[in-house]
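Engineer: Take a look at the following structure, please.
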Amino acid sequence: MAPERELVKIVVILVAVAGLVSPALAQGVPGGFAFLRDIDPTIIQDIRYATANNFMGRPLAGYGAAECVVKREVGLRLKAVQQELARQKLSLKMFDCYRPARAVADMVAWSKNGRETAAERRYNPAFSKADLFRLGYIATHSGHSTGAAVDLTLVDLTADNSGAFDPARAYADCTAPVAARAPEGSVDMGTGYDCSDVKGHTAASSITPAQRRWRNLLVAAMARQGFVNYSKEWWHFSLPGAGAAAYDFPITRARLGPQPPL
């Protein structure tokens, strides 16, 4: 009977320990963080740094899954923005959310590698990539790593958003007219995402009235939920007070239960 009693004791201990594990940790993120998809699955996600469709041309370190991870408060505020936009047949589209510190270090190393391809130049047509940190287009310590900053745009749900990025195509740079630059599947904000150029500044004077209205609409909707825009990037917003310390956990989408066949 002694072995049986020991087995029962082990099972009881394991159950008790499982009960102490927070839901956040069970899903692969620290406490206080959440997958935005779990808070509002209607928000469109196009997490560029988990793909080759970005200024580095490859997935960045730490992006093991194309998932938007944010501080829970940030996610709840984004849900409120989405609910307001839905009444106008619009949606948010996330380009980047929490960014592991190792991805920031990856960006720093990329900026110093001494090479610059034509595909990379699409994102910074007027500057050398070595100058992007000095000019404030990329930060060595990013607010994204706190979980309190996001990159996003608007999608008109009544429009044709089927255009897909083709890595083999030579697109015009990010400041070109929307028909010539890489497709975003979103409204025309005047530049592509991650466009390191004065035209990408939120208040740029070189954009059209229609592009200005879209930017103003996005800034206003985000501001009503407390988000602050970064003046050099129309797509970048942060929620003051929602995050302080930088994190470096990788982005993965852990699945509980049986795994589907590969």
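In the structure tokens, the first chain shown is A, the next is B, and so on; residue numbers restart at 1 for each chain, and ligands run from 1 in the order shown.
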So that I can check the secondary structure, give me every residue of range 97-243 of chain A assigned alpha helix (DSSP H) by backbone DSSP, as a ChimeraX atom specification.
Structural biologist: /A:101-111,118-121,209-223
Engineer: Can you list, as a PyMOL selection string, every protein, DNA or RNA residue that comes within 7 Å of Phe227 in chain A when you count only C-alpha atoms, leaving out same-chain residues fewer than 2 positions away?
Structural biologist: chain A and resi 222-223+225+229+237-239
Engineer: Give me, as a short mmCIF file (atom, residue, chain, number, x, y, z; two decimals) with all heavy atoms, in the first residue's frame, all polymer residues having an atom no more than 12 Å from Ala176 in chain A, counting only C-alpha atoms and skipping those fewer than 4 positions away in the same chain.
Structural biologist:
data_model
loop_
_atom_site.label_atom_id
_atom_site.label_comp_id
_atom_site.auth_asym_id
_atom_site.auth_seq_id
_atom_site.Cartn_x
_atom_site.Cartn_y
_atom_site.Cartn_z
N ARG A 122 14.39 50.93 -49.37
CA ARG A 122 12.99 51.31 -49.52
C ARG A 122 12.44 51.94 -48.26
O ARG A 122 11.53 52.76 -48.32
CB ARG A 122 12.14 50.08 -49.86
CG ARG A 122 12.37 49.47 -51.21
CD ARG A 122 11.14 48.70 -51.69
NE ARG A 122 10.52 47.89 -50.65
CZ ARG A 122 10.74 46.59 -50.47
NH1 ARG A 122 11.61 45.97 -51.26
NH2 ARG A 122 10.12 45.92 -49.53
N TYR A 123 12.98 51.56 -47.11
CA TYR A 123 12.46 52.04 -45.83
C TYR A 123 13.14 53.32 -45.35
O TYR A 123 12.61 53.99 -44.46
CB TYR A 123 12.63 50.96 -44.76
CG TYR A 123 11.76 49.75 -44.99
CD1 TYR A 123 12.21 48.68 -45.78
CD2 TYR A 123 10.50 49.66 -44.42
CE1 TYR A 123 11.41 47.57 -45.99
CE2 TYR A 123 9.70 48.55 -44.62
CZ TYR A 123 10.15 47.51 -45.41
OH TYR A 123 9.36 46.41 -45.62
N ASN A 124 14.29 53.64 -45.88
CA ASN A 124 14.98 54.88 -45.47
C ASN A 124 15.65 55.50 -46.71
O ASN A 124 16.87 55.53 -46.82
CB ASN A 124 16.02 54.60 -44.37
CG ASN A 124 16.99 53.49 -44.72
OD1 ASN A 124 16.59 52.36 -44.94
ND2 ASN A 124 18.28 53.80 -44.74
N PRO A 125 14.83 56.01 -47.64
CA PRO A 125 15.37 56.50 -48.92
C PRO A 125 16.26 57.73 -48.80
O PRO A 125 17.10 57.97 -49.67
CB PRO A 125 14.11 56.83 -49.72
CG PRO A 125 13.04 57.07 -48.70
CD PRO A 125 13.35 56.12 -47.59
N TYR A 171 9.65 46.95 -55.36
CA TYR A 171 8.70 48.04 -55.08
C TYR A 171 9.42 49.38 -55.01
O TYR A 171 10.64 49.45 -54.77
CB TYR A 171 8.01 47.79 -53.74
CG TYR A 171 7.10 46.58 -53.71
CD1 TYR A 171 7.50 45.42 -53.07
CD2 TYR A 171 5.86 46.61 -54.32
CE1 TYR A 171 6.68 44.31 -53.02
CE2 TYR A 171 5.03 45.49 -54.29
CZ TYR A 171 5.44 44.34 -53.63
OH TYR A 171 4.63 43.25 -53.59
N ALA A 172 8.65 50.45 -55.21
CA ALA A 172 9.18 51.80 -55.01
C ALA A 172 9.38 52.02 -53.51
O ALA A 172 8.91 51.23 -52.67
CB ALA A 172 8.22 52.83 -55.58
N ALA A 180 2.51 52.27 -56.05
CA ALA A 180 3.87 51.87 -56.43
C ALA A 180 4.64 51.22 -55.28
O ALA A 180 5.56 50.43 -55.52
CB ALA A 180 4.65 53.09 -56.92
N ARG A 181 4.27 51.53 -54.06
CA ARG A 181 5.01 50.95 -52.93
C ARG A 181 4.41 49.61 -52.49
O ARG A 181 3.36 49.21 -52.98
CB ARG A 181 5.06 51.93 -51.75
CG ARG A 181 3.74 52.32 -51.15
CD ARG A 181 3.96 53.29 -49.98
NE ARG A 181 2.74 53.54 -49.22
CZ ARG A 181 1.98 54.60 -49.34
NH1 ARG A 181 2.29 55.55 -50.21
NH2 ARG A 181 0.89 54.73 -48.60
N ALA A 182 5.10 48.92 -51.60
CA ALA A 182 4.65 47.61 -51.15
C ALA A 182 3.26 47.71 -50.53
O ALA A 182 2.97 48.64 -49.78
CB ALA A 182 5.63 47.05 -50.12
N PRO A 183 2.37 46.76 -50.84
CA PRO A 183 0.99 46.83 -50.33
C PRO A 183 0.94 46.65 -48.81
O PRO A 183 1.67 45.85 -48.25
CB PRO A 183 0.28 45.69 -51.05
CG PRO A 183 1.37 44.73 -51.39
CD PRO A 183 2.58 45.57 -51.68
N ASP A 188 -4.49 54.45 -47.01
CA ASP A 188 -3.28 55.14 -47.45
C ASP A 188 -2.95 56.27 -46.47
O ASP A 188 -3.60 57.31 -46.46
CB ASP A 188 -3.48 55.71 -48.86
CG ASP A 188 -2.24 56.45 -49.37
OD1 ASP A 188 -1.18 56.33 -48.73
OD2 ASP A 188 -2.36 57.14 -50.40
N MET A 189 -1.94 56.04 -45.66
CA MET A 189 -1.50 57.03 -44.68
C MET A 189 -0.42 57.97 -45.22
O MET A 189 0.10 58.80 -44.50
CB MET A 189 -0.97 56.33 -43.43
CG MET A 189 -2.04 55.66 -42.61
SD MET A 189 -3.06 56.86 -41.72
CE MET A 189 -3.97 55.77 -40.61
N GLY A 190 -0.07 57.81 -46.49
CA GLY A 190 0.93 58.70 -47.08
C GLY A 190 2.29 58.09 -47.22
O GLY A 190 3.09 58.49 -48.08
N THR A 191 2.62 57.11 -46.36
CA THR A 191 3.87 56.34 -46.46
C THR A 191 3.55 54.92 -46.03
O THR A 191 2.51 54.65 -45.43
CB THR A 191 5.01 56.86 -45.56
OG1 THR A 191 4.74 56.51 -44.19
CG2 THR A 191 5.19 58.36 -45.68
N GLY A 192 4.48 54.03 -46.31
CA GLY A 192 4.37 52.69 -45.77
C GLY A 192 4.76 52.67 -44.31
O GLY A 192 5.27 53.66 -43.75
N CYS A 195 8.52 53.71 -42.35
CA CYS A 195 9.17 54.59 -43.31
C CYS A 195 9.97 55.66 -42.56
O CYS A 195 9.40 56.59 -41.98
CB CYS A 195 8.12 55.25 -44.19
SG CYS A 195 8.82 56.18 -45.58
N ASP A 197 11.49 58.60 -42.76
CA ASP A 197 11.54 59.75 -43.65
C ASP A 197 10.67 60.85 -43.05
O ASP A 197 9.72 60.56 -42.31
CB ASP A 197 11.03 59.36 -45.04
CG ASP A 197 11.25 60.45 -46.08
OD1 ASP A 197 12.33 60.46 -46.69
OD2 ASP A 197 10.34 61.28 -46.25
N LYS A 199 8.43 62.40 -44.39
CA LYS A 199 7.05 62.22 -44.83
C LYS A 199 6.29 61.29 -43.87
O LYS A 199 5.06 61.31 -43.82
CB LYS A 199 7.02 61.67 -46.25
CG LYS A 199 5.65 61.76 -46.92
CD LYS A 199 5.70 61.32 -48.37
CE LYS A 199 4.34 61.46 -49.06
NZ LYS A 199 4.38 61.02 -50.47
N GLY A 200 7.02 60.49 -43.13
CA GLY A 200 6.41 59.61 -42.15
C GLY A 200 6.11 60.29 -40.83
O GLY A 200 5.44 59.71 -39.96
N SER A 206 3.77 67.23 -46.46
CA SER A 206 3.87 66.78 -47.85
C SER A 206 2.84 65.72 -48.22
O SER A 206 2.90 65.15 -49.31
CB SER A 206 5.27 66.21 -48.10
OG SER A 206 5.58 65.20 -47.14
N ILE A 207 1.87 65.44 -47.34
CA ILE A 207 0.86 64.43 -47.65
C ILE A 207 -0.44 65.09 -48.15
O ILE A 207 -0.62 66.30 -48.01
CB ILE A 207 0.57 63.53 -46.43
CG1 ILE A 207 0.05 64.37 -45.25
CG2 ILE A 207 1.82 62.77 -46.04
CD1 ILE A 207 -0.35 63.54 -44.04
#
Engineer: Please produce, as CSV, a per-residue contact table for range 183-253 of chain A versus range 98-121 of chain A (criterion: any atom at most 8 Å away, only C-alpha atoms considered), showing the nearest atom pair and its distance in Å to one decimal, sorted by chain then residue number.
Structural biologist:
residue,atom,partner,partner_atom,distance
A:Ala246,CA,A:Ala101,CA,6.9
A:Tyr247,CA,A:Pro100,CA,6.1
A:Asp248,CA,A:Pro100,CA,4.3
A:Phe249,CA,A:Pro100,CA,6.0
A:Pro250,CA,A:Pro100,CA,6.2
A:Ile251,CA,A:Pro100,CA,7.6
Engineer: Let me make sure I understand: among A:Thr175, A:Asn161, A:Ser91, A:Ser128, which one has the smallest atom-to-atom distance to Lys79 in chain A if we use only C-alpha atoms?
Structural biologist: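 Among the listed residues, A:Ser91 lies closest to Lys79 in chain A.
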Engineer: From a backbone DSSP assignment, name each residue in range 3-199 of chain A labelled strand (DSSP E), as number ranges by chain.
Structural biologist: A: 33-35, 44-45, 69-71, 90-96, 149-156
Engineer: What is the CA of Trp214 in chain A-CA of Asp194 in chain A distance in Å, reported with one decimal?
Structural biologist: 16.9 Å
Engineer: Compare A:Ala242, A:Ile39, A:Met56, A:Ala203 by their minimum atom-to-atom distance to Lys129 in chain A, counting only C-alpha atoms, and give me the closest one.
Structural biologist: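 Selected residue with least distance to Lys129 in chain A: A:Met56.
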Engineer: Can you measure CA of Gln211 in chain A to CA of Arg87 in chain A for me? One decimal in Å is fine.
Structural biologist: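 For CA of Gln211 in chain A relative to CA of Arg87 in chain A, the distance reads 20.4 Å.
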Engineer: Kindly indicate which residue among A:Val198, A:Leu157, A:Ala245, A:Ala52 lies nearest to Phe127 in chain A, using only C-alpha atoms for the distances.
Structural biologist: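 Between A:Val198, A:Leu157, A:Ala245, A:Ala52, the residue approaching Phe127 in chain A most closely is A:Val198.
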Engineer: Give me the residues within 8 Å of Ala34 in chain A as a PyMOL selection string, counting only C-alpha atoms and dropping any in the same chain fewer than 5 places off.
Structural biologist: chain A and resi 24+29+39+69-72+75
Engineer: Measuring between only C-alpha atoms, which one of A:Cys68, A:Leu217, A:Ala130, A:Ala80 shows the shortest distance to Phe35 in chain A?
Structural biologist: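 Going through A:Cys68, A:Leu217, A:Ala130, A:Ala80 one by one, the smallest distance to Phe35 in chain A is for A:Cys68.
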Engineer: Which one of A:Ala164, A:Glu233, A:Leu36, A:Thr252 sits closest to Glu73 in chain A if you count only C-alpha atoms?
Structural biologist: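 Closest candidate: A:Leu36.
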Engineer: Residues at most 10 Å from Asp46 in chain A, counting only C-alpha atoms, excluding those fewer than 3 positions away in the same chain, as a VMD selection string?
Structural biologist: chain A and resid 49 to 51 53 66 to 68 93 to 96 152 184 to 185
Engineer: Could you check which of A:Ala168, A:Ala61, A:Gly243, A:Lys232 is closest to Gly32 in chain A, using only C-alpha atoms?
Structural biologist: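 Of all the options, A:Gly243 lies closest to Gly32 in chain A.
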